[in-house]
Amino acid sequence: MTTPTMAELAAKGESPDVLFWVGCAGSFDDRAKRVTRAFVKILNATQTKFAVLGTEETCTGDPARRAGNEFLFQMQAMSNIQVLNGYGVKKIVTACPHCFNTLKNEYPELGGTYEVIHHSTFLQQLINEGKIKLSDAGSFKGKKITYHDSCYLGRANNIYEAPREVLQALDADLVEMKKCRTTGLCCGAGGAQMFKEPEKGKKDINIERSEEALATGASTIAVACPFCMTMMTDGVKNKEKESEVKVKDLAELIADSL
Amino acid sequence: MAAACLIIHRESLILNMAIFQQILFILTLGAAGYFIRKRVLRIRSNILLGKKNEINDHKSERLNNMLLVAFGQKKMFKRIIPASLHFLIYVGFLVINLEVLEFVIDGIFGTHRIFAPYLGGFYNVLMNFFELLAVGVLVACVSFLIRRNILKIPRFWSAEMTSWPRLDANLILITEIVLMFAIFTMNASDQILQTRVEHYIPTGTLFFSSFLIPALQSIDTSALIIIERFCWWFHIIGILGFTIYVTYSKHLHIFMAFPNTYYGKVEAKGHIVNMPVVTNEVKSMLGLAPAPTTPAEPGRFGAKDINDLSWNNLMAAYSCTECGRCTSECPANLTGKKLSPRKIMMDTRDRMEEVGKSLEKNGPGLNDGKTLLNDYITKEEINACTSCNACVEACPVMINPLEIILELRRYVAMEESGSPAQWNSMFQNIETSFAPWKFSPSDRFNWSKETGG
């Protein structure tokens with residue numbers, strides 16, 4: 001597995017076709033790091049000419065903006081835009097819907113305009129182009145998978161079908177939760193909730209959502225967001241179902257079947 | 001002879017009544033117009049308490065939204081049962097109000113069913129169609145009363161649905177039922193009078209109201225004229241009164257849904273409104289732009305009170321009909337947190353009304369010692385939002401409670417440094433380690449050297 005950085009490529013006078021924006025969760029969170037590596041495995045296997053920023057990447061500022069700290073958000077955004085524009089980045093792919101939304105919808109106003117795609121759309125394109133060949137897809141045949149919509153992909157950016165099409169390539173039995181697509185229930189982590197305890201209530205949101213996911217009888221809960229991953233994994237553990245039900249990112253499911 | 005006398009007497013009665021009624025009608029119309037105008041101007045100036053925000057982009061998309069979402073009720077139909085019932089009232093309201101045009105002309109000129117001679121046989125078709133729609137309105141209003149008061153659908157009984165919002169909803173439904181009954185009674189007595197008095201122009205059989213004829217047949221002509229006139233007056237005064245009432249009620253959505261869907265958000269829902277004031281400061285701090293020569297106006301960051309919000313957020317508050325679809329989809333509310341997107345909109349409107357009333361009486365207005373944040377909406381509520389956009393998606397008239405929540409959070413974070421402690425730590429981590437968690441920035445690329453996929 002090779003992971004070139006923008007700096008290395010620039011030193012050789014090269015530029016990649018696409019920048020893989022890893023995100024803070026994908027860089028530091030142990031569970032999300034496995035997703036990052038799975039996605040890099042796919043990028044390598046499909047011979048995609050990509051690079052990462054490595055230590056030059058910093059937080060997009062999404063949680064700061066959503067928690068109300070506009071100064072901090074714009075400081076982050078401006079310095080990231082300087083780096084991205086410095087490398088002449090045109091196209092960005094990321095496995096984090098929060099980074100995706102911020103880079104795509106909020107950076108242009110601050111001087112950073114790029115083609116930004118989420119890894120679910122990217123994977124769907126690779127599958128459609130025949131670049132991903134699933135040798136082990138049969139292992140999901142007859143097994144139930146349910147997909148949990150990330151708010152920042154779904155409602156925020158109207159991406160509902162790409163992740164589902166990726167799952168269908170696995171030949172799995174895709175079952176929907178009662179609340180899905182436009183009415184999908186949040187995992188509870190958005191809007192900077194990931195970084196604080198929830199307010200007082202009857203229940204934690206991730207428990208509610210995990211119950212809905214478990215009610216489908218699926219053996220795999222597919223997610224497309226590192227925060228959803230944390231919340232759903234915790235929820236399944238809370239219900240003591242972690243030995244029967246796995247929470248997996250789309251990239252992991254594809255990488256495992258290569 | 002006696003019969004002829006009676007006819008002459010009745011004709012003169014109608015004639016005298018007509019002049020008296022014309023004067024009374026014009027006075028009534030004028031009075032209603034005065035009150036409606038006053039209220040419209042009040043609401044307009046309340047909305048203009050908000051910050052300027054020029055919205056003149058995406059004109060065709062906005063027009064399209066207004067046609068599909070407001071006129072076409074597109075988003076209502078996500079819930080098919082209430083949408084169908086609501087559609088009956090909506091169509092009834094739009095079409096039956098054409099009849100009000102005839103009422104107004106008749107009222108001013110002392111005529112009776114002025115369109116009847118011109119439309120001939122089509123008038124009968126039209127009146128029967130109106131009656132059919134009126135039956136639809138009746139069915140829908142009764143069903144809505146049952147849903148609210150007997151089935152007790154939870155979204156009509158949650159915390160912010162205190163006695164006034166519940167009464168408001170019931171009053172509207174009951175008024176509509178009574179108004180429809182007035183039309184039927186009027187049409188039934190009119191049909192009897194057509195056989196007795198020349199003044200009453202034949203309309204042909206009006207199917208639904210004709211069921212009431214047996215109950216009225218035995219009443220003598222003069223009394224029947226009084227009943228017919230009473231119903232006519234009751235209906236038109238009812239409609240005028242209702243229009244005034246609507247401006248004080250959640251029912252204002254019947255008008256405000258149109259501008260609100262036009263000025264609603266056209267960007268991706270995930271996009272948060274930028275703050276150009278901050279952009280300028282950040283640019284000069286990073287040396288990307290010269291420091292502004294004239295110091296910026298000492299404006300407030302974010303929103304503490306209604307005047308810190310954009311006018312379109314305030315207009316949205318007047319467009320809310322308290323249906324609660326937002327709250328019933330809110331993950332925070334579903335799991336028992338205090339946040340309710342509907343309450344955010346109701347509070348914004350109630351605060352506007354409070355300030356507006358005070359200004360009307362030359363009171364302190366915004367300087368009454370109260371603010372939207374804290375006195376109406378608490379930090380506990382705004383802190384619970386996951387910005388998931390479920391409320392925005394659910395709203396049938398494109399209201400965006402999330403924008404208001406975010407502006408309040410901005411005030412708390414930037415003016416008060418009063419965000420929850422864990423958020424302040426997160427801010428600090430981003431400032432020092434460039435990640436929301438406390439990790440060394442030099443470890444950011446370690447994942448590539450580790451194993452486990």
# chains A, B, ... in the order shown; residues from 1 in each chain; ligands from 1

call {"tool": "residues_around", "arguments": {"residues": "Gly112 of chain A", "least_positions_apart": "6", "cutoff": "8 Å", "atoms": "only C-alpha atoms", "output": "PDB file with N, CA and C atoms, in the first residue's frame"}}
result
ATOM      1  N   ILE A  81      -7.403  26.606   2.467  1.00  0.00           N
ATOM      2  CA  ILE A  81      -7.544  27.054   1.073  1.00  0.00           C
ATOM      3  C   ILE A  81      -6.193  27.500   0.519  1.00  0.00           C
ATOM      4  N   LEU A  84      -4.394  24.270  -0.329  1.00  0.00           N
ATOM      5  CA  LEU A  84      -5.009  23.600  -1.489  1.00  0.00           C
ATOM      6  C   LEU A  84      -4.738  24.369  -2.777  1.00  0.00           C
ATOM      7  N   ASN A  85      -4.929  25.694  -2.721  1.00  0.00           N
ATOM      8  CA  ASN A  85      -4.677  26.498  -3.922  1.00  0.00           C
ATOM      9  C   ASN A  85      -3.197  26.510  -4.271  1.00  0.00           C
ATOM     10  N   LEU A 103     -16.053  21.465   2.402  1.00  0.00           N
ATOM     11  CA  LEU A 103     -15.189  21.742   1.244  1.00  0.00           C
ATOM     12  C   LEU A 103     -16.024  22.106   0.019  1.00  0.00           C
TER      13      LEU A 103
END

call {"tool": "interface_residues", "arguments": {"of": "chain B", "to": "chain A", "cutoff": "6 Å", "atoms": "only C-alpha atoms", "output": "list in words"}}
result
Ala268, Lys269, Gly270, His271, Thr335, Gly336, Lys337, Ala384, Thr386, Ser387, Cys388, Arg409, Arg410, Ala413, Gln422, Phe434, Ala435, Ser442, Arg444, Phe445, Gly452 and Gly453 of chain B

call {"tool": "write_last_selection", "arguments": {"atoms": "C-alpha atoms", "output": "mmCIF file, in the first residue's frame"}}
result
data_model
loop_
_atom_site.group_PDB
_atom_site.id
_atom_site.type_symbol
_atom_site.label_atom_id
_atom_site.label_comp_id
_atom_site.auth_asym_id
_atom_site.auth_seq_id
_atom_site.Cartn_x
_atom_site.Cartn_y
_atom_site.Cartn_z
ATOM 1 C CA ALA B 268 -27.645 22.779 -0.517
ATOM 2 C CA LYS B 269 -29.167 22.277 2.939
ATOM 3 C CA GLY B 270 -25.733 21.579 4.376
ATOM 4 C CA HIS B 271 -24.517 25.065 3.510
ATOM 5 C CA THR B 335 -35.178 11.377 22.420
ATOM 6 C CA GLY B 336 -36.622 13.700 25.039
ATOM 7 C CA LYS B 337 -34.385 16.759 24.786
ATOM 8 C CA ALA B 384 -29.056 20.004 21.540
ATOM 9 C CA THR B 386 -27.434 18.048 15.572
ATOM 10 C CA SER B 387 -27.890 20.266 12.473
ATOM 11 C CA CYS B 388 -29.299 17.176 10.746
ATOM 12 C CA ARG B 409 -25.072 29.631 18.841
ATOM 13 C CA ARG B 410 -22.849 32.165 17.085
ATOM 14 C CA ALA B 413 -19.770 31.346 21.126
ATOM 15 C CA GLN B 422 -16.487 20.539 25.942
ATOM 16 C CA PHE B 434 -5.594 21.738 14.146
ATOM 17 C CA ALA B 435 -7.958 18.879 14.994
ATOM 18 C CA SER B 442 2.833 15.601 13.533
ATOM 19 C CA ARG B 444 -1.652 13.070 11.541
ATOM 20 C CA PHE B 445 -0.097 10.875 8.884
ATOM 21 C CA GLY B 452 -5.232 -3.156 9.966
ATOM 22 C CA GLY B 453 -7.678 -2.402 7.195
#

call {"tool": "select_by_dssp", "arguments": {"residues": "segment 77-225 of chain A", "states": "strand (DSSP E)", "output": "number ranges by chain"}}
result
A: 91-94, 115-118, 144-147, 173-175, 220-223

call {"tool": "closest_residue", "arguments": {"among": "B:Phe258, B:Phe129, B:Tyr376, B:Phe181", "to": "Glu160 of chain B", "atoms": "only C-alpha atoms"}}
result
B:Tyr376

call {"tool": "residues_around", "arguments": {"residues": "Ile114 of chain B", "least_positions_apart": "4", "cutoff": "10 Å", "atoms": "only C-alpha atoms", "output": "short mmCIF file (atom, residue, chain, number, x, y, z; two decimals) with N, CA and C atoms, in the first residue's frame"}}
result
data_model
loop_
_atom_site.label_atom_id
_atom_site.label_comp_id
_atom_site.auth_asym_id
_atom_site.auth_seq_id
_atom_site.Cartn_x
_atom_site.Cartn_y
_atom_site.Cartn_z
N GLU B 102 -68.56 37.90 -5.65
CA GLU B 102 -69.97 38.19 -5.92
C GLU B 102 -70.63 38.83 -4.70
N PHE B 103 -70.28 38.31 -3.53
CA PHE B 103 -70.81 38.87 -2.28
C PHE B 103 -70.49 40.36 -2.19
N ILE B 105 -69.61 42.52 -4.59
CA ILE B 105 -70.30 43.34 -5.61
C ILE B 105 -71.77 43.52 -5.22
N ASP B 106 -72.42 42.41 -4.84
CA ASP B 106 -73.82 42.48 -4.41
C ASP B 106 -73.97 43.43 -3.23
N PHE B 109 -73.50 47.19 -4.43
CA PHE B 109 -74.50 47.73 -5.37
C PHE B 109 -75.93 47.33 -5.04
N GLY B 110 -76.09 46.58 -3.98
CA GLY B 110 -77.44 46.20 -3.57
C GLY B 110 -78.08 45.20 -4.53
N TYR B 118 -75.78 36.65 -16.09
CA TYR B 118 -74.72 36.64 -17.11
C TYR B 118 -74.24 35.23 -17.41
N LEU B 119 -74.19 34.40 -16.38
CA LEU B 119 -73.62 33.06 -16.56
C LEU B 119 -74.66 32.02 -16.97
N ILE B 201 -83.41 35.54 -7.89
CA ILE B 201 -83.18 35.02 -9.24
C ILE B 201 -83.03 33.49 -9.19
#

call {"tool": "select_by_dssp", "arguments": {"residues": "segment 194-242 of chain A", "states": "alpha helix (DSSP H)", "output": "VMD selection string"}}
result
chain A and resid 205 to 215 226 to 238

call {"tool": "write_last_selection", "arguments": {"atoms": "N, CA and C atoms", "output": "short mmCIF file (atom, residue, chain, number, x, y, z; two decimals), in the first residue's frame"}}
result
data_model
loop_
_atom_site.label_atom_id
_atom_site.label_comp_id
_atom_site.auth_asym_id
_atom_site.auth_seq_id
_atom_site.Cartn_x
_atom_site.Cartn_y
_atom_site.Cartn_z
N ILE A 205 -29.49 9.60 21.20
CA ILE A 205 -29.97 9.46 19.82
C ILE A 205 -29.39 8.22 19.15
N ASN A 206 -28.09 7.93 19.42
CA ASN A 206 -27.47 6.78 18.74
C ASN A 206 -28.10 5.45 19.19
N ILE A 207 -28.63 5.41 20.40
CA ILE A 207 -29.31 4.18 20.87
C ILE A 207 -30.60 4.00 20.08
N GLU A 208 -31.35 5.10 19.95
CA GLU A 208 -32.61 5.07 19.19
C GLU A 208 -32.34 4.57 17.76
N ARG A 209 -31.31 5.15 17.13
CA ARG A 209 -31.02 4.79 15.75
C ARG A 209 -30.51 3.35 15.65
N SER A 210 -29.69 2.93 16.61
CA SER A 210 -29.17 1.56 16.57
C SER A 210 -30.32 0.55 16.74
N GLU A 211 -31.29 0.90 17.56
CA GLU A 211 -32.45 0.01 17.72
C GLU A 211 -33.18 -0.15 16.38
N GLU A 212 -33.33 0.98 15.68
CA GLU A 212 -33.98 0.91 14.36
C GLU A 212 -33.18 0.04 13.40
N ALA A 213 -31.85 0.17 13.45
CA ALA A 213 -31.00 -0.61 12.55
C ALA A 213 -31.07 -2.10 12.90
N LEU A 214 -31.03 -2.40 14.20
CA LEU A 214 -31.08 -3.81 14.63
C LEU A 214 -32.43 -4.43 14.30
N ALA A 215 -33.48 -3.62 14.33
CA ALA A 215 -34.83 -4.13 14.05
C ALA A 215 -34.96 -4.67 12.63
N PRO A 226 -17.43 8.77 9.37
CA PRO A 226 -16.71 8.31 10.56
C PRO A 226 -17.46 8.59 11.87
N PHE A 227 -18.25 9.67 11.90
CA PHE A 227 -19.00 9.96 13.13
C PHE A 227 -20.16 8.97 13.31
N CYS A 228 -20.85 8.69 12.18
CA CYS A 228 -21.92 7.69 12.23
C CYS A 228 -21.33 6.35 12.69
N MET A 229 -20.11 6.06 12.21
CA MET A 229 -19.43 4.82 12.58
C MET A 229 -19.29 4.72 14.10
N THR A 230 -18.78 5.76 14.71
CA THR A 230 -18.60 5.77 16.17
C THR A 230 -19.94 5.59 16.89
N MET A 231 -20.93 6.37 16.46
CA MET A 231 -22.22 6.37 17.15
C MET A 231 -22.93 5.04 17.01
N MET A 232 -22.91 4.48 15.79
CA MET A 232 -23.62 3.22 15.57
C MET A 232 -22.89 2.06 16.25
N THR A 233 -21.56 2.10 16.22
CA THR A 233 -20.78 1.04 16.88
C THR A 233 -21.09 1.05 18.39
N ASP A 234 -21.11 2.25 18.97
CA ASP A 234 -21.42 2.36 20.40
C ASP A 234 -22.84 1.87 20.70
N GLY A 235 -23.76 2.22 19.79
CA GLY A 235 -25.16 1.82 19.98
C GLY A 235 -25.33 0.31 19.94
N VAL A 236 -24.65 -0.33 18.98
CA VAL A 236 -24.74 -1.79 18.86
C VAL A 236 -24.13 -2.45 20.10
N LYS A 237 -23.01 -1.89 20.58
CA LYS A 237 -22.38 -2.41 21.80
C LYS A 237 -23.31 -2.27 22.99
N ASN A 238 -23.96 -1.12 23.06
CA ASN A 238 -24.89 -0.86 24.16
C ASN A 238 -26.00 -1.91 24.20
#

call {"tool": "residues_around", "arguments": {"residues": "Ile404 of chain B", "least_positions_apart": "6", "cutoff": "10 Å", "atoms": "only C-alpha atoms", "output": "list in words"}}
result
Gly302, Ala303, Ile306, Asp308, Leu309, Ser310, Asn313, Leu314, Pro341, Ile344, Met345, Thr348, Ile382 and Arg410 of chain B

call {"tool": "atom_distance", "arguments": {"atom1": "atom CA of Ile92 of chain A", "atom2": "atom CA of Thr279 of chain B"}}
result
23.4 Å

call {"tool": "residues_around", "arguments": {"residues": "His251 of chain B", "least_positions_apart": "4", "cutoff": "9 Å", "atoms": "only C-alpha atoms", "output": "VMD selection string"}}
result
chain B and resid 168 to 169 172 245 to 247 255 319 to 322
